[in-house]
file work-v3.cif (mmCIF, C-alpha atoms)
data_coords
loop_
_atom_site.label_atom_id
_atom_site.label_comp_id
_atom_site.auth_asym_id
_atom_site.auth_seq_id
_atom_site.Cartn_x
_atom_site.Cartn_y
_atom_site.Cartn_z
CA MET A 27 5.94 -3.28 6.96
CA LEU A 28 6.98 -5.48 4.06
CA GLU A 29 10.60 -6.35 3.33
CA VAL A 30 11.80 -7.00 -0.23
CA VAL A 31 15.30 -7.92 -1.39
CA VAL A 32 16.27 -6.46 -4.77
CA ARG A 33 16.84 -9.21 -7.34
CA THR A 34 18.24 -9.09 -10.88
CA THR A 35 14.71 -9.11 -12.35
CA HIS A 36 14.03 -5.76 -10.64
CA LEU A 37 16.91 -4.00 -12.41
CA ASP A 38 16.93 -2.07 -15.67
CA VAL A 39 19.78 -1.52 -18.13
CA MET A 40 21.17 1.23 -15.89
CA GLY A 41 21.79 -1.32 -13.10
CA HIS A 42 19.29 0.07 -10.61
CA VAL A 43 15.68 -0.77 -9.76
CA ASN A 44 13.41 0.25 -12.61
CA ASN A 45 10.81 2.90 -11.74
CA ALA A 46 7.96 0.54 -12.70
CA LYS A 47 9.21 -1.93 -10.09
CA TYR A 48 8.81 0.71 -7.36
CA VAL A 49 5.13 0.93 -8.32
CA GLU A 50 4.89 -2.85 -8.11
CA PHE A 51 6.62 -2.87 -4.71
CA LEU A 52 4.13 -0.28 -3.46
CA GLU A 53 1.26 -2.49 -4.57
CA TRP A 54 2.80 -5.43 -2.72
CA GLY A 55 3.03 -3.20 0.35
CA ARG A 56 -0.65 -2.23 0.13
CA CYS A 57 -1.74 -5.85 -0.22
CA ASP A 58 0.50 -6.94 2.64
CA GLU A 59 -0.79 -4.22 4.97
CA ILE A 60 -4.41 -5.05 4.20
CA GLU A 61 -3.89 -8.77 4.71
CA LYS A 62 -1.98 -8.22 7.99
CA HIS A 63 -5.17 -6.67 9.34
CA GLY A 64 -7.24 -9.72 8.51
CA ILE A 65 -8.80 -8.59 5.26
CA ASP A 66 -8.94 -11.41 2.72
CA LEU A 67 -8.37 -9.88 -0.72
CA LEU A 68 -9.40 -13.04 -2.53
CA ALA A 69 -12.67 -13.13 -0.58
CA MET A 70 -13.28 -9.48 -1.52
CA ILE A 71 -12.85 -10.31 -5.20
CA LYS A 72 -15.20 -13.29 -4.85
CA GLU A 73 -17.74 -10.88 -3.30
CA GLY A 74 -17.39 -8.71 -6.39
CA LEU A 75 -15.27 -5.95 -4.81
CA GLY A 76 -11.85 -4.66 -5.79
CA PHE A 77 -9.38 -1.86 -5.16
CA ALA A 78 -9.04 0.77 -7.86
CA VAL A 79 -6.10 3.15 -7.62
CA VAL A 80 -7.26 6.43 -9.13
CA ASN A 81 -4.18 8.53 -8.41
CA LEU A 82 -0.56 7.73 -7.62
CA ASP A 83 1.68 10.64 -6.70
CA ILE A 84 5.17 9.21 -6.43
CA ASN A 85 8.57 10.72 -5.70
CA PHE A 86 11.69 8.80 -6.70
CA ARG A 87 14.42 10.04 -4.36
CA ARG A 88 17.32 7.57 -4.50
CA GLU A 89 18.37 4.51 -6.47
CA ALA A 90 18.10 0.96 -5.18
CA PHE A 91 20.60 -1.70 -6.27
CA LEU A 92 20.97 -5.46 -6.41
CA GLY A 93 20.98 -6.97 -2.94
CA ASP A 94 19.46 -3.96 -1.20
CA GLN A 95 16.90 -4.82 1.45
CA LEU A 96 13.90 -2.54 1.04
CA LEU A 97 11.26 -1.75 3.65
CA ILE A 98 7.85 -0.81 2.29
CA GLU A 99 5.67 1.03 4.78
CA THR A 100 1.97 1.66 4.17
CA VAL A 101 -0.21 3.92 6.32
CA PHE A 102 -3.91 4.43 5.71
CA LYS A 103 -4.53 8.14 6.33
CA GLU A 104 -8.16 9.03 5.66
CA VAL A 105 -11.43 8.40 3.89
CA ARG A 106 -13.07 11.33 2.14
CA ASN A 107 -16.73 11.57 1.19
CA HIS A 108 -17.25 8.01 2.48
CA LYS A 109 -15.65 6.60 -0.70
CA ILE A 110 -12.18 7.95 -1.40
CA GLY A 111 -9.30 6.33 0.47
CA ILE A 112 -5.95 8.03 0.94
CA LEU A 113 -2.80 6.24 2.01
CA GLU A 114 0.86 7.11 2.20
CA GLN A 115 3.69 4.76 1.41
CA SER A 116 7.46 4.83 1.56
CA ILE A 117 10.31 2.62 0.48
CA THR A 118 13.51 2.85 2.50
CA ARG A 119 16.82 1.03 2.29
CA LYS A 120 16.96 -1.13 5.41
CA GLN A 121 20.75 -1.03 5.64
CA SER A 122 20.98 2.78 5.85
CA GLY A 123 17.46 4.03 6.51
CA GLU A 124 17.62 6.20 3.36
CA LEU A 125 14.30 7.17 1.86
CA LEU A 126 14.25 5.88 -1.72
CA CYS A 127 10.68 6.57 -2.72
CA ASP A 128 7.49 7.96 -1.21
CA ALA A 129 3.98 8.03 -2.56
CA ARG A 130 0.48 9.23 -1.83
CA VAL A 131 -2.16 6.86 -3.20
CA THR A 132 -5.82 7.63 -3.76
CA PHE A 133 -8.07 4.61 -4.17
CA LEU A 134 -11.69 3.52 -4.31
CA ILE A 135 -13.46 0.30 -3.57
CA PHE A 136 -15.02 -0.78 -6.81
CA ASP A 137 -18.11 -2.92 -7.37
CA LEU A 138 -16.83 -5.23 -10.10
CA LYS A 139 -20.33 -6.07 -11.36
CA ALA A 140 -21.84 -2.57 -11.36
CA HIS A 141 -18.55 -0.95 -12.48
CA LYS A 142 -18.80 1.88 -9.98
CA SER A 143 -17.31 2.92 -6.67
CA ILE A 144 -19.04 2.14 -3.40
CA ALA A 145 -18.81 3.44 0.16
CA MET A 146 -15.65 2.36 1.95
CA PRO A 147 -16.42 -0.91 3.79
CA GLU A 148 -16.18 -0.82 7.57
CA ASN A 149 -13.38 -3.40 7.68
CA LEU A 150 -11.21 -1.00 5.65
CA ARG A 151 -12.21 2.02 7.75
CA ARG A 152 -10.75 0.17 10.74
CA LEU A 153 -7.30 0.54 9.14
CA LEU A 154 -7.37 4.32 9.65
CA PRO A 155 -5.01 5.45 12.43
CA GLU A 156 -7.75 6.82 14.70
CA ASN A 157 -9.75 3.60 14.42
CA ARG A 158 -6.70 1.42 15.11
CA GLU A 159 -5.91 3.47 18.23
CA GLN A 160 -9.47 2.98 19.51
CA LYS A 161 -9.27 -0.76 18.86
CA GLU A 162 -5.92 -1.03 20.68
CA GLU A 163 -7.34 0.87 23.68
CA GLN A 164 -10.34 -1.48 23.83
CA GLU A 165 -8.09 -4.53 23.64
CA GLN A 166 -5.96 -3.22 26.54
CA ARG A 167 -9.00 -2.90 28.83
#

call {"tool": "encode", "arguments": {"input": "work-v3.cif", "output": "structure tokens"}}
result
Amino acid sequence: MLEVVVRTTHLDVMGHVNNAKYVEFLEWGRCDEIEKHGIDLLAMIKEGLGFAVVNLDINFRREAFLGDQLLIETVFKEVRNHKIGILEQSITRKQSGELLCDARVTFLIFDLKAHKSIAMPENLRRLLPENREQKEEQEQR
């Protein structure tokens, strides 16, 4: 889980976090979650692979304000047809636990040279809940 403190640059003229910043925070959360599990995003890019978000279904539920501490949670849910990744994300206010925003993100791994999607690499499949549970069980033995 990534923690972000709302700064003045995140605010719009209405005095709350701009909706585009929520999208940016969600991207930070995805990158953070991936890197926490040992996946080097820079190395992926050097190998000619990248993430391509193909759908972002987002619900803005509450406003965030200057000084709020936000928690961004990212959970990899499934891989469909060996290529399509689905993850769920949420942004909550740390001080109160209020849900501010939630999103369902559909993404592909993209071959940057061929300009097409590829099968989900095994290192990303390991981020799925069922695969993480298996890994934890093996590590406990």

call {"tool": "residues_around", "arguments": {"input": "work-v3.cif", "residues": "Val105 (chain A)", "least_positions_apart": "2", "cutoff": "10 Å", "atoms": "all atoms listed in the file", "output": "list of chain:residue names"}}
result
A:Phe102, A:Lys103, A:Asn107, A:His108, A:Lys109, A:Ile110, A:Gly111, A:Ile112, A:Leu113, A:Thr132, A:Phe133, A:Leu134, A:Ala145, A:Met146, A:Leu150, A:Arg151, A:Leu154

call {"tool": "resolve_selection", "arguments": {"input": "work-v3.cif", "expression": "the PyMOL selection byres ((chain A and resi 31-42) around 7)", "output": "list in words"}}
result
Glu29, Val30, Val43, Asn44, Lys47, Glu89, Ala90, Phe91, Leu92, Gly93, Asp94, Gln95 and Leu96 of chain A

call {"tool": "atom_distance", "arguments": {"input": "work-v3.cif", "atom1": "CA of Glu124 (chain A)", "atom2": "CA of Arg56 (chain A)"}}
result
20.4 Å

call {"tool": "closest_residue", "arguments": {"input": "work-v3.cif", "among": "A:Phe77, A:Ala46, A:Lys120, A:Leu68", "to": "Leu28 (chain A)", "atoms": "all atoms listed in the file"}}
result
A:Lys120

call {"tool": "resolve_selection", "arguments": {"input": "work-v3.cif", "expression": "the PyMOL selection byres ((chain A and resi 61-64) around 10)", "output": "mmCIF file with C-alpha atoms, keeping the file's coordinate frame"}}
result
data_model
loop_
_atom_site.group_PDB
_atom_site.id
_atom_site.type_symbol
_atom_site.label_atom_id
_atom_site.label_comp_id
_atom_site.auth_asym_id
_atom_site.auth_seq_id
_atom_site.Cartn_x
_atom_site.Cartn_y
_atom_site.Cartn_z
ATOM 1 C CA MET A 27 5.940 -3.280 6.960
ATOM 2 C CA GLY A 55 3.030 -3.200 0.350
ATOM 3 C CA ARG A 56 -0.650 -2.230 0.130
ATOM 4 C CA CYS A 57 -1.740 -5.850 -0.220
ATOM 5 C CA ASP A 58 0.500 -6.940 2.640
ATOM 6 C CA GLU A 59 -0.790 -4.220 4.970
ATOM 7 C CA ILE A 60 -4.410 -5.050 4.200
ATOM 8 C CA ILE A 65 -8.800 -8.590 5.260
ATOM 9 C CA ASP A 66 -8.940 -11.410 2.720
ATOM 10 C CA LEU A 67 -8.370 -9.880 -0.720
ATOM 11 C CA ASN A 149 -13.380 -3.400 7.680
ATOM 12 C CA LEU A 150 -11.210 -1.000 5.650
ATOM 13 C CA ARG A 152 -10.750 0.170 10.740
ATOM 14 C CA LEU A 153 -7.300 0.540 9.140
#

call {"tool": "resolve_selection", "arguments": {"input": "work-v3.cif", "expression": "the PyMOL selection byres ((chain A and resi 87) around 8)", "output": "PyMOL selection string"}}
result
chain A and resi 85-86+88-89+125-128

call {"tool": "axis_aligned_box", "arguments": {"input": "work-v3.cif", "around": "region 99-114 of chain A", "padding_each_side": "8 Å", "output": "AutoDock Vina command-line options"}}
result
--center_x -5.8 --center_y 6.3 --center_z 2.5 --size_x 38.9 --size_y 26.5 --size_z 23.7

call {"tool": "atom_distance", "arguments": {"input": "work-v3.cif", "atom1": "CA of Leu97 (chain A)", "atom2": "CA of Phe136 (chain A)"}}
result
28.3 Å
